[in-house]
file start_25.csv (CSV, C-alpha atoms)
chain,number,residue,atom,x,y,z
D,1,MET,CA,2.5,-38.7,-27.9
D,2,ASN,CA,1.0,-36.2,-30.3
D,3,THR,CA,-2.7,-36.1,-31.0
D,4,PHE,CA,-3.8,-36.4,-34.6
D,5,ASP,CA,-4.0,-32.6,-35.2
D,6,GLU,CA,-0.5,-32.2,-33.9
D,7,LEU,CA,1.1,-34.8,-36.1
D,8,PRO,CA,3.8,-33.6,-38.5
D,9,ALA,CA,2.5,-32.9,-42.0
D,10,ASP,CA,4.6,-35.6,-43.5
D,11,ASP,CA,3.5,-38.3,-41.1
D,12,PRO,CA,1.7,-41.1,-43.1
D,13,SER,CA,-1.0,-41.4,-40.5
D,14,ARG,CA,-2.1,-37.9,-41.4
D,15,ARG,CA,-3.5,-39.3,-44.6
D,16,LEU,CA,-6.3,-41.2,-42.6
D,17,THR,CA,-9.8,-39.8,-43.0
D,18,SER,CA,-11.8,-42.2,-40.8
D,19,LEU,CA,-11.7,-45.0,-38.3
D,20,ARG,CA,-13.7,-48.2,-38.0
D,21,VAL,CA,-13.7,-50.1,-34.7
D,22,GLU,CA,-15.2,-53.5,-33.9
D,23,GLU,CA,-17.7,-53.1,-31.1
D,24,SER,CA,-15.9,-55.6,-28.6
D,25,CYS,CA,-12.7,-53.7,-29.1
D,26,LEU,CA,-14.0,-50.3,-28.0
D,27,ASP,CA,-12.9,-50.8,-24.3
D,28,LEU,CA,-9.5,-52.4,-25.0
D,29,PRO,CA,-6.7,-50.2,-23.6
D,30,LEU,CA,-4.9,-49.7,-26.9
D,31,THR,CA,-8.2,-48.8,-28.7
D,32,ARG,CA,-8.8,-46.1,-26.1
D,33,GLU,CA,-5.3,-44.7,-26.6
D,34,ILE,CA,-5.7,-44.6,-30.4
D,35,LEU,CA,-9.1,-42.9,-30.2
D,36,ALA,CA,-7.7,-40.3,-27.8
D,37,ARG,CA,-4.9,-39.5,-30.2
D,38,ALA,CA,-7.2,-39.5,-33.2
D,39,GLY,CA,-9.2,-36.7,-31.8
D,40,ASP,CA,-12.0,-35.7,-34.1
D,41,LEU,CA,-11.2,-38.2,-36.8
D,42,PRO,CA,-14.6,-39.6,-37.8
D,43,LEU,CA,-15.4,-42.9,-36.1
D,44,THR,CA,-17.8,-45.7,-37.0
D,45,VAL,CA,-18.5,-48.7,-34.6
D,46,ILE,CA,-19.2,-51.9,-36.5
D,47,PRO,CA,-20.2,-55.4,-35.3
D,48,ASP,CA,-17.4,-57.8,-34.5
D,49,GLY,CA,-15.9,-59.4,-37.6
D,50,ALA,CA,-17.8,-57.1,-39.9
D,51,GLU,CA,-16.1,-55.4,-42.7
D,52,PRO,CA,-16.2,-51.6,-43.3
D,53,ALA,CA,-18.9,-50.4,-45.6
D,54,PRO,CA,-18.1,-51.3,-49.2
D,55,ASP,CA,-16.5,-48.8,-51.3
D,56,LEU,CA,-18.5,-48.1,-54.4
D,57,THR,CA,-15.3,-47.4,-56.3
D,58,PRO,CA,-14.4,-50.4,-58.4
D,59,TYR,CA,-11.3,-52.5,-57.5
D,60,PRO,CA,-8.4,-51.7,-57.8
D,61,GLN,CA,-9.1,-48.0,-57.7
D,62,SER,CA,-10.7,-48.6,-54.3
D,63,LEU,CA,-7.2,-49.2,-52.9
D,64,THR,CA,-6.6,-45.5,-53.1
D,65,HIS,CA,-9.6,-44.6,-50.9
D,66,GLY,CA,-9.0,-47.7,-48.7
D,67,LYS,CA,-5.6,-46.4,-47.7
D,68,ARG,CA,-7.4,-43.6,-45.8
D,69,ILE,CA,-9.6,-45.9,-43.7
D,70,LEU,CA,-8.2,-47.6,-40.6
D,71,HIS,CA,-10.0,-50.7,-39.2
D,72,LEU,CA,-9.3,-51.5,-35.6
D,73,GLY,CA,-10.1,-55.1,-34.7
D,74,ARG,CA,-8.9,-58.4,-33.3
D,75,ASN,CA,-6.5,-60.8,-34.7
D,76,ARG,CA,-8.4,-64.0,-34.3
D,77,GLY,CA,-5.5,-66.2,-35.5
D,78,ARG,CA,-1.8,-66.4,-34.6
D,79,PHE,CA,0.3,-63.3,-34.4
D,80,LEU,CA,3.7,-64.9,-35.0
D,81,LYS,CA,4.1,-66.9,-38.2
D,82,PRO,CA,7.0,-67.9,-40.4
D,83,CYS,CA,7.6,-65.7,-43.4
D,84,PRO,CA,5.4,-67.0,-46.2
D,85,ALA,CA,8.6,-67.4,-48.3
D,86,THR,CA,8.4,-68.8,-51.8
D,87,ARG,CA,9.2,-72.3,-53.0
D,88,ASN,CA,12.5,-73.1,-54.7
D,89,TYR,CA,14.2,-69.9,-53.5
D,90,ARG,CA,16.4,-69.3,-50.4
D,91,CYS,CA,14.5,-68.0,-47.4
D,92,CYS,CA,16.1,-66.4,-44.3
D,93,ASP,CA,13.6,-68.1,-41.8
D,94,TYR,CA,12.3,-64.7,-40.7
D,95,GLN,CA,9.3,-64.7,-38.3
D,96,VAL,CA,6.5,-62.3,-39.1
D,97,LEU,CA,4.7,-60.6,-36.2
D,98,ASN,CA,1.4,-59.8,-37.8
D,99,ILE,CA,0.2,-56.5,-36.3
D,100,GLY,CA,-2.1,-55.5,-39.2
D,101,ALA,CA,-2.3,-55.2,-42.9
D,102,GLY,CA,-2.0,-52.5,-45.5
D,103,CYS,CA,-0.1,-49.2,-45.6
D,104,PRO,CA,-1.1,-45.5,-45.9
D,105,MET,CA,1.8,-44.9,-48.2
D,106,ASP,CA,1.5,-45.9,-51.9
D,107,CYS,CA,4.3,-47.6,-53.7
D,108,ALA,CA,3.5,-48.4,-57.3
D,109,TYR,CA,5.3,-51.7,-57.2
D,110,CYS,CA,3.8,-52.9,-53.8
D,111,ILE,CA,2.8,-56.6,-53.9
D,112,LEU,CA,0.2,-56.0,-51.2
D,113,GLN,CA,-2.0,-54.5,-54.0
D,114,ALA,CA,-2.5,-58.0,-55.4
D,115,TYR,CA,-2.0,-59.9,-52.2
D,116,LEU,CA,-4.5,-58.5,-49.7
D,117,ASN,CA,-8.2,-58.9,-50.3
D,118,ASN,CA,-9.4,-55.7,-48.5
D,119,PRO,CA,-8.6,-52.2,-49.7
D,120,TRP,CA,-8.6,-50.6,-46.2
D,121,LEU,CA,-5.9,-50.6,-43.5
D,122,SER,CA,-6.2,-52.9,-40.5
D,123,PHE,CA,-4.6,-52.8,-37.1
D,124,TYR,CA,-5.0,-55.4,-34.3
D,125,VAL,CA,-5.7,-53.9,-30.9
D,126,ASN,CA,-5.8,-57.1,-28.9
D,127,ILE,CA,-2.1,-56.8,-28.0
D,128,ASP,CA,-2.4,-58.6,-24.7
D,129,ASP,CA,-2.9,-61.7,-26.9
D,130,LEU,CA,0.1,-60.7,-29.0
D,131,PHE,CA,2.5,-60.4,-26.0
D,132,ARG,CA,1.1,-63.6,-24.5
D,133,GLU,CA,1.9,-65.4,-27.7
D,134,LEU,CA,5.4,-63.9,-27.8
D,135,ASP,CA,6.0,-65.0,-24.2
D,136,GLU,CA,4.9,-68.5,-24.9
D,137,THR,CA,7.1,-68.8,-28.0
D,138,LEU,CA,10.2,-67.3,-26.6
D,139,ASP,CA,10.0,-68.9,-23.2
D,140,GLN,CA,9.6,-72.3,-24.9
D,141,ALA,CA,12.6,-71.6,-27.0
D,142,THR,CA,14.6,-70.8,-23.9
D,143,ALA,CA,13.6,-74.1,-22.4
D,144,ARG,CA,14.6,-76.0,-25.5
D,145,GLN,CA,17.9,-74.3,-25.5
D,146,ALA,CA,18.5,-75.2,-21.9
D,147,GLY,CA,17.6,-78.8,-22.7
D,148,ALA,CA,20.0,-78.8,-25.7
D,149,GLU,CA,17.1,-79.9,-28.0
D,150,PRO,CA,17.9,-79.4,-31.7
D,151,GLU,CA,15.0,-76.9,-32.1
D,152,ARG,CA,14.8,-73.2,-32.9
D,153,SER,CA,16.4,-71.2,-30.1
D,154,PHE,CA,16.8,-67.8,-31.6
D,155,TYR,CA,14.2,-65.7,-33.4
D,156,ARG,CA,14.5,-62.8,-35.8
D,157,ILE,CA,11.1,-61.2,-35.7
D,158,GLY,CA,9.7,-58.4,-37.8
D,159,THR,CA,6.4,-56.4,-38.2
D,160,GLY,CA,7.0,-55.1,-41.7
D,161,GLU,CA,5.8,-58.0,-43.9
D,162,PHE,CA,2.1,-57.0,-44.4
D,163,THR,CA,2.3,-53.4,-43.3
D,164,ASP,CA,4.9,-50.7,-42.7
D,165,SER,CA,6.3,-51.1,-39.2
D,166,MET,CA,6.2,-47.4,-38.4
D,167,ALA,CA,3.8,-45.6,-40.7
D,168,LEU,CA,0.9,-45.5,-38.2
D,169,ASP,CA,3.1,-45.7,-35.1
D,170,ARG,CA,2.3,-42.2,-33.7
D,171,LEU,CA,-1.3,-43.3,-33.5
D,172,THR,CA,-0.8,-46.9,-32.3
D,173,GLY,CA,2.3,-46.5,-30.1
D,174,LEU,CA,3.0,-50.2,-30.6
D,175,SER,CA,6.6,-50.1,-31.6
D,176,ALA,CA,7.8,-48.5,-28.3
D,177,ARG,CA,6.0,-51.3,-26.4
D,178,LEU,CA,7.7,-53.9,-28.6
D,179,ILE,CA,11.1,-52.3,-28.1
D,180,ARG,CA,10.8,-52.3,-24.4
D,181,TYR,CA,9.6,-55.9,-24.4
D,182,MET,CA,12.4,-57.2,-26.7
D,183,ALA,CA,15.0,-55.5,-24.5
D,184,THR,CA,14.3,-58.1,-21.9
D,185,LYS,CA,14.7,-61.1,-24.2
D,186,SER,CA,18.0,-62.9,-24.8
D,187,ASN,CA,16.9,-65.2,-27.6
D,188,ALA,CA,15.4,-62.8,-30.2
D,189,VAL,CA,15.8,-59.5,-32.0
D,190,LEU,CA,13.0,-57.3,-33.5
D,191,GLU,CA,13.3,-55.6,-36.8
D,192,LEU,CA,11.1,-52.5,-37.5
D,193,LYS,CA,11.2,-51.9,-41.3
D,194,SER,CA,9.8,-48.7,-42.8
D,195,LYS,CA,9.7,-46.1,-45.6
D,196,ALA,CA,8.6,-43.5,-43.1
D,197,VAL,CA,10.4,-41.6,-40.4
D,198,VAL,CA,8.5,-41.8,-37.1
D,199,LEU,CA,11.0,-41.8,-34.3
D,200,ASP,CA,10.2,-39.1,-31.7
D,201,HIS,CA,8.2,-41.4,-29.4
D,202,LEU,CA,10.7,-44.3,-29.4
D,203,PRO,CA,12.9,-45.1,-26.4
D,204,ALA,CA,16.2,-43.3,-26.6
D,205,SER,CA,17.8,-45.9,-24.3
D,206,GLY,CA,17.1,-49.2,-22.6
D,207,HIS,CA,16.6,-51.1,-25.9
D,208,ASN,CA,19.7,-53.2,-25.2
D,209,GLY,CA,20.4,-53.5,-29.0
D,210,ARG,CA,17.5,-55.9,-29.4
D,211,THR,CA,15.6,-53.8,-31.9
D,212,VAL,CA,17.0,-53.3,-35.4
D,213,MET,CA,15.8,-50.2,-37.1
D,214,ALA,CA,15.5,-50.8,-40.8
D,215,TRP,CA,14.6,-48.8,-43.9
D,216,SER,CA,13.9,-49.8,-47.5
D,217,LEU,CA,16.2,-48.0,-49.9
D,218,ASN,CA,16.2,-47.5,-53.7
D,219,SER,CA,17.6,-45.2,-56.3
D,220,ALA,CA,16.5,-41.6,-55.9
D,221,GLU,CA,14.6,-41.9,-59.2
D,222,VAL,CA,12.6,-44.9,-58.0
D,223,MET,CA,11.9,-43.3,-54.6
D,224,HIS,CA,10.7,-40.1,-56.3
D,225,ARG,CA,8.5,-41.6,-59.0
D,226,LEU,CA,7.2,-44.9,-57.5
D,227,GLU,CA,7.2,-44.5,-53.7
D,228,LEU,CA,4.4,-42.0,-53.1
D,229,HIS,CA,3.8,-40.4,-49.7
D,230,THR,CA,7.1,-41.8,-48.3
D,231,ALA,CA,10.1,-40.1,-46.7
D,232,ASP,CA,12.8,-39.2,-49.2
D,233,LEU,CA,16.3,-40.6,-49.2
D,234,ASP,CA,17.9,-37.9,-47.1
D,235,THR,CA,15.2,-38.0,-44.5
D,236,ARG,CA,15.5,-41.8,-44.2
D,237,LEU,CA,19.3,-41.7,-43.9
D,238,THR,CA,19.1,-38.8,-41.3
D,239,ALA,CA,16.7,-40.9,-39.3
D,240,ALA,CA,19.0,-43.9,-39.5
D,241,ALA,CA,22.0,-41.9,-38.4
D,242,HIS,CA,20.0,-40.7,-35.4
D,243,CYS,CA,19.1,-44.3,-34.5
D,244,ALA,CA,22.7,-45.3,-34.7
D,245,ASP,CA,23.6,-42.5,-32.3
D,246,LEU,CA,21.1,-43.9,-29.9
D,247,GLY,CA,22.8,-47.3,-30.2
D,248,TYR,CA,20.2,-49.1,-32.3
D,249,PRO,CA,21.5,-51.6,-34.8
D,250,LEU,CA,20.5,-50.8,-38.4
D,251,ALA,CA,19.4,-52.7,-41.5
D,252,PHE,CA,18.6,-51.7,-45.0
D,253,HIS,CA,16.7,-53.4,-47.8
D,254,PHE,CA,17.3,-52.8,-51.5
D,255,ASP,CA,14.1,-54.4,-52.5
D,256,PRO,CA,12.8,-54.2,-55.2
D,257,ILE,CA,15.8,-53.4,-57.3
D,258,ILE,CA,14.2,-52.0,-60.5
D,259,ASP,CA,15.9,-51.7,-63.9
D,260,HIS,CA,15.4,-48.1,-65.2
D,261,PRO,CA,17.4,-45.6,-67.2
D,262,GLY,CA,20.4,-44.6,-65.1
D,263,TRP,CA,19.9,-47.4,-62.6
D,264,GLU,CA,23.7,-48.0,-62.3
D,265,GLU,CA,24.6,-44.6,-61.1
D,266,GLY,CA,21.3,-44.3,-59.2
D,267,TYR,CA,22.0,-47.3,-57.0
D,268,ARG,CA,25.7,-46.4,-56.7
D,269,GLU,CA,24.8,-42.9,-55.4
D,270,THR,CA,22.3,-44.3,-52.9
D,271,ILE,CA,25.0,-46.7,-51.5
D,272,ARG,CA,27.5,-43.9,-51.3
D,273,ARG,CA,25.1,-41.7,-49.5
D,274,LEU,CA,24.1,-44.5,-47.1
D,275,TYR,CA,27.7,-45.0,-45.9
D,276,GLN,CA,28.3,-41.3,-45.7
D,277,ALA,CA,25.4,-40.9,-43.4
D,278,VAL,CA,25.7,-43.9,-41.0
D,279,PRO,CA,28.7,-45.8,-39.5
D,280,ALA,CA,29.3,-49.1,-41.3
D,281,THR,CA,29.7,-50.8,-37.9
D,282,SER,CA,26.0,-50.0,-37.0
D,283,ILE,CA,24.6,-52.1,-39.9
D,284,ALA,CA,23.6,-55.6,-39.1
D,285,TRP,CA,22.4,-56.7,-42.5
D,286,ILE,CA,21.5,-55.5,-46.0
D,287,SER,CA,19.2,-57.5,-48.2
D,288,LEU,CA,18.8,-57.3,-52.0
D,289,GLY,CA,15.9,-58.5,-54.1
D,290,ALA,CA,15.1,-57.8,-57.7
D,291,PHE,CA,11.6,-56.8,-58.7
D,292,ARG,CA,9.3,-59.7,-58.8
D,293,PHE,CA,5.5,-59.9,-58.9
D,294,LEU,CA,2.4,-62.0,-58.9
D,295,PRO,CA,0.7,-62.1,-62.3
D,296,ALA,CA,-2.3,-60.2,-61.0
D,297,LEU,CA,-0.1,-57.3,-60.0
D,298,LYS,CA,0.5,-56.2,-63.5
D,299,GLY,CA,-3.1,-55.2,-64.2
D,300,VAL,CA,-3.4,-53.5,-60.8
D,301,ILE,CA,-0.3,-51.3,-61.5
D,302,GLY,CA,-1.5,-50.6,-65.0
D,303,SER,CA,-4.9,-49.4,-63.7
D,304,ARG,CA,-3.7,-47.4,-60.7
D,305,PHE,CA,-0.4,-46.1,-62.1
D,306,PRO,CA,-1.0,-45.8,-65.9
D,307,GLY,CA,2.3,-43.9,-66.4
D,308,ALA,CA,4.4,-46.6,-64.8
D,309,THR,CA,6.6,-48.2,-67.5
D,310,PHE,CA,8.7,-50.5,-65.3
D,311,ILE,CA,5.9,-53.2,-65.3
D,312,HIS,CA,6.2,-53.5,-69.1
D,313,GLU,CA,9.8,-54.7,-69.2
D,314,GLU,CA,10.8,-58.3,-70.1
D,315,PHE,CA,10.0,-60.8,-67.4
D,316,VAL,CA,10.0,-64.6,-67.2
D,317,PRO,CA,7.9,-66.8,-64.9
D,318,GLY,CA,10.0,-68.0,-61.9
D,319,LEU,CA,9.8,-71.4,-60.2
D,320,ASP,CA,7.4,-69.9,-57.7
D,321,GLY,CA,5.0,-68.5,-60.3
D,322,LYS,CA,6.1,-64.9,-59.9
D,323,PHE,CA,7.5,-62.9,-62.8
D,324,ARG,CA,11.2,-61.9,-62.6
D,325,TYR,CA,13.9,-60.3,-64.7
D,326,PHE,CA,15.8,-62.9,-66.7
D,327,ARG,CA,18.7,-64.3,-64.7
D,328,PRO,CA,21.5,-62.5,-66.6
D,329,ARG,CA,19.8,-59.2,-66.0
D,330,ARG,CA,19.3,-59.9,-62.3
D,331,THR,CA,22.8,-61.1,-61.9
D,332,ARG,CA,24.2,-57.9,-63.5
D,333,MET,CA,22.2,-55.7,-61.2
D,334,TYR,CA,23.1,-57.7,-58.1
D,335,GLN,CA,26.8,-57.7,-59.0
D,336,LEU,CA,26.9,-53.9,-59.3
D,337,LEU,CA,25.3,-53.4,-55.9
D,338,ILE,CA,27.3,-56.1,-54.2
D,339,ASP,CA,30.6,-54.6,-55.5
D,340,GLU,CA,29.6,-51.2,-54.2
D,341,LEU,CA,28.5,-52.6,-50.8
D,342,ASN,CA,31.5,-54.8,-50.3
D,343,ARG,CA,33.8,-51.8,-50.7
D,344,ARG,CA,32.2,-50.2,-47.7
D,345,ALA,CA,30.5,-52.8,-45.5
D,346,ALA,CA,31.8,-53.8,-42.1
D,347,PRO,CA,33.0,-57.5,-41.8
D,348,HIS,CA,30.1,-58.5,-39.6
D,349,THR,CA,27.4,-57.0,-41.9
D,350,CYS,CA,25.4,-59.9,-43.6
D,351,ILE,CA,24.7,-59.0,-47.2
D,352,TYR,CA,22.2,-61.4,-48.7
D,353,PHE,CA,19.6,-62.1,-51.3
D,354,CYS,CA,15.9,-62.2,-50.4
D,355,MET,CA,14.3,-65.1,-52.3
D,356,GLU,CA,16.9,-66.0,-54.8
D,357,ASN,CA,18.2,-69.4,-56.1
D,358,ASP,CA,21.6,-71.0,-55.5
D,359,GLN,CA,22.7,-70.3,-59.1
D,360,ILE,CA,22.4,-66.6,-58.5
D,361,TRP,CA,24.1,-66.9,-55.1
D,362,ARG,CA,27.1,-68.8,-56.5
D,363,GLN,CA,27.4,-66.6,-59.5
D,364,VAL,CA,27.5,-63.3,-57.5
D,365,PHE,CA,28.8,-64.3,-54.1
D,366,GLY,CA,30.9,-67.3,-55.2
D,367,HIS,CA,29.1,-69.6,-52.7
D,368,THR,CA,25.6,-70.9,-51.7
D,369,PRO,CA,24.1,-70.1,-48.3
D,370,GLU,CA,24.4,-73.8,-47.3
D,371,GLU,CA,28.2,-73.6,-47.8
D,372,LYS,CA,28.2,-70.9,-45.1
D,373,GLY,CA,25.9,-72.8,-42.7
D,374,GLY,CA,22.6,-71.7,-44.2
D,375,LEU,CA,21.1,-68.3,-44.6
D,376,PRO,CA,19.2,-68.4,-41.2
D,377,ALA,CA,22.5,-69.1,-39.4
D,378,MET,CA,24.3,-66.3,-41.3
D,379,LEU,CA,21.7,-63.8,-40.2
D,380,ASP,CA,21.5,-65.1,-36.6
D,381,THR,CA,25.2,-64.6,-36.4
D,382,ALA,CA,24.8,-61.0,-37.7
D,383,ALA,CA,22.0,-60.3,-35.3
D,384,ARG,CA,24.0,-61.5,-32.3
D,385,ALA,CA,27.0,-59.4,-33.4
D,386,ALA,CA,24.8,-56.4,-33.7
D,387,VAL,CA,23.6,-56.9,-30.1
D,388,GLU,CA,27.1,-57.2,-28.8
D,389,ILE,CA,28.2,-54.1,-30.6
D,390,ALA,CA,25.3,-52.2,-29.2
D,391,ALA,CA,26.1,-53.4,-25.7
D,392,SER,CA,29.7,-52.2,-26.0
D,393,THR,CA,28.8,-48.7,-27.1
call {"tool": "encode", "arguments": {"input": "start_25.csv", "output": "C-alpha cells"}}
result
Amino acid sequence: MNTFDELPADDPSRRLTSLRVEESCLDLPLTREILARAGDLPLTVIPDGAEPAPDLTPYPQSLTHGKRILHLGRNRGRFLKPCPATRNYRCCDYQVLNIGAGCPMDCAYCILQAYLNNPWLSFYVNIDDLFRELDETLDQATARQAGAEPERSFYRIGTGEFTDSMALDRLTGLSARLIRYMATKSNAVLELKSKAVVLDHLPASGHNGRTVMAWSLNSAEVMHRLELHTADLDTRLTAAAHCADLGYPLAFHFDPIIDHPGWEEGYRETIRRLYQAVPATSIAWISLGAFRFLPALKGVIGSRFPGATFIHEEFVPGLDGKFRYFRPRRTRMYQLLIDELNRRAAPHTCIYFCMENDQIWRQVFGHTPEEKGGLPAMLDTAARAAVEIAAST
C-alpha cells in the first residue's frame, strides 16, 4: 500500500496533519502498519484513555481542525451493535461494525457534527478483538440456524454509520481484511459505504460476493455545494462500475434527499447517470431518506456553514424528536425518485426508505414493509440474491 507521501491528492486521508496514539496501542500490529504508512506525519503518544490535547478553537469551529487529527486507540466496548435506529420509524435491522468515529470529509448536513462529543477522528486498532467478536457472533448464529432456533441467522453488517467506510482506508488497510474475512462466511454480508474512492488496495477477486460496495449519492448541486472534500458524482460512479466489473455487489444511498432549486431534474439526472454507469443487475439495494436532523444540528450548521440555506426551510418535529420536511413534501420527493428508479431497477434490487413511517410507505409504495415480510427480511433476500448473482458471474 502507498505511504502517506504517495497517496493521491484527492485521498481524504491526505487531509490529516497529525496522529495521536494511546501508549498501550503502540505495539499492536495494525498501529505499526499505520505508522509506517504515515511516514513523517507528526505523532504524539498519549496515556491510555486520554483525549488529545484540547483545541483552543471554540466548538463547533473546532470540528474543522479536529478532522485533521487521527486518534488511534482501543475500542473498550463492543464492536458489533444494532443500528441505533429511531423510534416510531421503520428500521432495516442493520448491524453496525464500529471501527471508529468521525470523517475527514466535511458534509454540511452531517449529523455526526451534533452527535459525536469529540471533534477529532478516531480509529480502533485492536482489531484482534474485532475479529474475535465477529467470530463469536457469526458462529453462534450458524449454530442457532443448525438447531432451527427462531433467532437471527443472517447478518447485514456495515462500517459506515459513525465514520466513512473507506476515507482512511489507504492508511488503515482494514477493509481488505474485512473483505477477505467475510468471503469465508455464509451467514453475513458486509457493506462498505463511502463518499470517497479508495479502491486500489482492495481484493480484485476472492470476495465471493460477500461485500457490497456502496456509495452515497445526491444531486450534483448538493454534492458540489454541501459535500466538501468528497469524490464527485462521475468519480463515484466510475468506481462503482469498476467494482461491478470485479464482481462486487453494489448499493447506493440517496440520503439525505434535500429540497433545493432544481431538485427534480437534479435527482433525475443522478439516477440516469447511475444506470448509465453500472449494470442494474449489480445493484443489491438502494435506500432513500429525506433530510432530518437533531435540533442541535441547526446551530452547528449555521455556525460552520453560514451560507447554507437548506437548514432554514420549513421543518416539523418528528415522532423521534428529529426535524423533518412536512409529510406531503417528503412524499412528493420520494415519489419522483421512486418513479425514476422503478423504470430502471432490476427486479431483485430492494428499494426502501431509511427511517420512515408506514403512512409514507403505503402512500409511495402502496404497501407497508410488514405486508412484504418486514424490511429486514426484504433486505436479507436482496443480499442473498446479490451473493448468488456474484457467484454466477
call {"tool": "closest_atom_pairs", "arguments": {"input": "start_25.csv", "of": "region 125-227 of chain D", "to": "region 371-384 of chain D", "cutoff": "9 Å", "atoms": "only C-alpha atoms", "output": "Markdown table"}}
result
| residue | atom | partner | partner_atom | distance |
| --- | --- | --- | --- | --- |
| D:Phe154 | CA | D:Asp380 | CA | 7.4 |
| D:Tyr155 | CA | D:Asp380 | CA | 8.0 |
| D:Arg156 | CA | D:Asp380 | CA | 7.4 |
| D:Ala188 | CA | D:Ala383 | CA | 8.7 |
| D:Val189 | CA | D:Ala383 | CA | 7.1 |
| D:Arg210 | CA | D:Ala383 | CA | 8.6 |
| D:Val212 | CA | D:Ala383 | CA | 8.6 |
call {"tool": "closest_residue", "arguments": {"input": "start_25.csv", "among": "D:Leu63, D:Cys243, D:Cys354, D:Leu190", "to": "Gly289 (chain D)", "atoms": "only C-alpha atoms"}}
result
D:Cys354
call {"tool": "atom_distance", "arguments": {"input": "start_25.csv", "atom1": "CA of Gly100 (chain D)", "atom2": "CA of Thr211 (chain D)"}}
result
19.2 Å
call {"tool": "residues_around", "arguments": {"input": "start_25.csv", "residues": "Gln363 (chain D)", "least_positions_apart": "2", "cutoff": "12 Å", "atoms": "only C-alpha atoms", "output": "number ranges by chain"}}
result
D: 327-328, 330-332, 334-335, 338, 356-361, 365-368
call {"tool": "atom_distance", "arguments": {"input": "start_25.csv", "atom1": "CA of Thr159 (chain D)", "atom2": "CA of Glu136 (chain D)"}}
result
18.0 Å
call {"tool": "atom_distance", "arguments": {"input": "start_25.csv", "atom1": "CA of Ile301 (chain D)", "atom2": "CA of Ala114 (chain D)"}}
result
9.3 Å
call {"tool": "closest_residue", "arguments": {"input": "start_25.csv", "among": "D:Ala239, D:Leu178, D:Leu192, D:Leu171", "to": "Asp11 (chain D)", "atoms": "only C-alpha atoms"}}
result
D:Leu171
call {"tool": "residues_around", "arguments": {"input": "start_25.csv", "residues": "Met105 (chain D)", "least_positions_apart": "6", "cutoff": "12 Å", "atoms": "only C-alpha atoms", "output": "number ranges by chain"}}
result
D: 10-16, 63-68, 112-113, 121, 163-168, 194-196, 226-231
call {"tool": "residues_around", "arguments": {"input": "start_25.csv", "residues": "Glu221 (chain D)", "least_positions_apart": "6", "cutoff": "10 Å", "atoms": "all atoms listed in the file", "output": "list in words"}}
result
Glu227, His260, Pro261, Gly262, Trp263, Gly266 and Tyr267 of chain D
call {"tool": "write_last_selection", "arguments": {"input": "start_25.csv", "atoms": "C-alpha atoms", "output": "PDB file, keeping the file's coordinate frame"}}
result
ATOM      1  CA  GLU D 227       7.200 -44.500 -53.700  1.00  0.00           C
ATOM      2  CA  HIS D 260      15.400 -48.100 -65.200  1.00  0.00           C
ATOM      3  CA  PRO D 261      17.400 -45.600 -67.200  1.00  0.00           C
ATOM      4  CA  GLY D 262      20.400 -44.600 -65.100  1.00  0.00           C
ATOM      5  CA  TRP D 263      19.900 -47.400 -62.600  1.00  0.00           C
ATOM      6  CA  GLY D 266      21.300 -44.300 -59.200  1.00  0.00           C
ATOM      7  CA  TYR D 267      22.000 -47.300 -57.000  1.00  0.00           C
TER       8      TYR D 267
END
call {"tool": "residues_around", "arguments": {"input": "start_25.csv", "residues": "Val316 (chain D)", "least_positions_apart": "2", "cutoff": "10 Å", "atoms": "only C-alpha atoms", "output": "ChimeraX atom specification"}}
result
/D:292,314,318-319,321-327
call {"tool": "closest_atom_pairs", "arguments": {"input": "start_25.csv", "of": "region 135-222 of chain D", "to": "region 25-41 of chain D", "cutoff": "9 Å", "atoms": "only C-alpha atoms", "output": "tab-separated table"}}
result
residue	atom	partner	partner_atom	distance
D:Arg170	CA	D:Arg37	CA	8.4
D:Leu171	CA	D:Ile34	CA	5.5
D:Thr172	CA	D:Ile34	CA	5.7
D:Gly173	CA	D:Ile34	CA	8.2
D:Leu174	CA	D:Leu30	CA	8.7
call {"tool": "closest_residue", "arguments": {"input": "start_25.csv", "among": "D:Ser122, D:Thr3, D:Thr44, D:Thr238", "to": "Phe162 (chain D)", "atoms": "all atoms listed in the file"}}
result
D:Ser122
call {"tool": "closest_residue", "arguments": {"input": "start_25.csv", "among": "D:Leu43, D:Val222, D:Ala284, D:Cys110", "to": "Ala346 (chain D)", "atoms": "only C-alpha atoms"}}
result
D:Ala284
call {"tool": "residues_around", "arguments": {"input": "start_25.csv", "residues": "region 205-208 of chain D", "least_positions_apart": "4", "cutoff": "9 Å", "atoms": "only C-alpha atoms", "output": "tab-separated table (two decimals) with C-alpha atoms, keeping the file's coordinate frame"}}
result
chain	number	residue	atom	x	y	z
D	179	ILE	CA	11.10	-52.30	-28.10
D	180	ARG	CA	10.80	-52.30	-24.40
D	181	TYR	CA	9.60	-55.90	-24.40
D	182	MET	CA	12.40	-57.20	-26.70
D	183	ALA	CA	15.00	-55.50	-24.50
D	184	THR	CA	14.30	-58.10	-21.90
D	246	LEU	CA	21.10	-43.90	-29.90
D	247	GLY	CA	22.80	-47.30	-30.20
D	248	TYR	CA	20.20	-49.10	-32.30
D	387	VAL	CA	23.60	-56.90	-30.10
D	390	ALA	CA	25.30	-52.20	-29.20
D	391	ALA	CA	26.10	-53.40	-25.70
call {"tool": "closest_residue", "arguments": {"input": "start_25.csv", "among": "D:Cys107, D:Ala240, D:Met333, D:Leu288", "to": "Ala308 (chain D)", "atoms": "all atoms listed in the file"}}
result
D:Cys107
call {"tool": "closest_residue", "arguments": {"input": "start_25.csv", "among": "D:Ala386, D:Ala9, D:Val197, D:Leu130", "to": "Thr235 (chain D)", "atoms": "only C-alpha atoms"}}
result
D:Val197
call {"tool": "decode", "arguments": {"input": "start_25.csv", "residues": "region 341-352 of chain D", "atoms": "C-alpha atoms", "output": "compact mmCIF listing (two decimals), in the first residue's frame"}}
result
# COMPACT_ATOMS: atom_id res chain seq x y z
CA LEU D 341 -35.69 4.19 -10.06
CA ASN D 342 -38.53 1.79 -10.83
CA ARG D 343 -38.14 2.43 -14.55
CA ARG D 344 -34.57 1.15 -14.41
CA ALA D 345 -34.06 -1.11 -11.41
CA ALA D 346 -33.59 -4.87 -11.68
CA PRO D 347 -36.37 -6.99 -10.11
CA HIS D 348 -34.15 -8.20 -7.26
CA THR D 349 -32.99 -4.71 -6.20
CA CYS D 350 -34.58 -3.72 -2.90
CA ILE D 351 -35.58 -0.04 -2.95
CA TYR D 352 -36.53 1.12 0.52
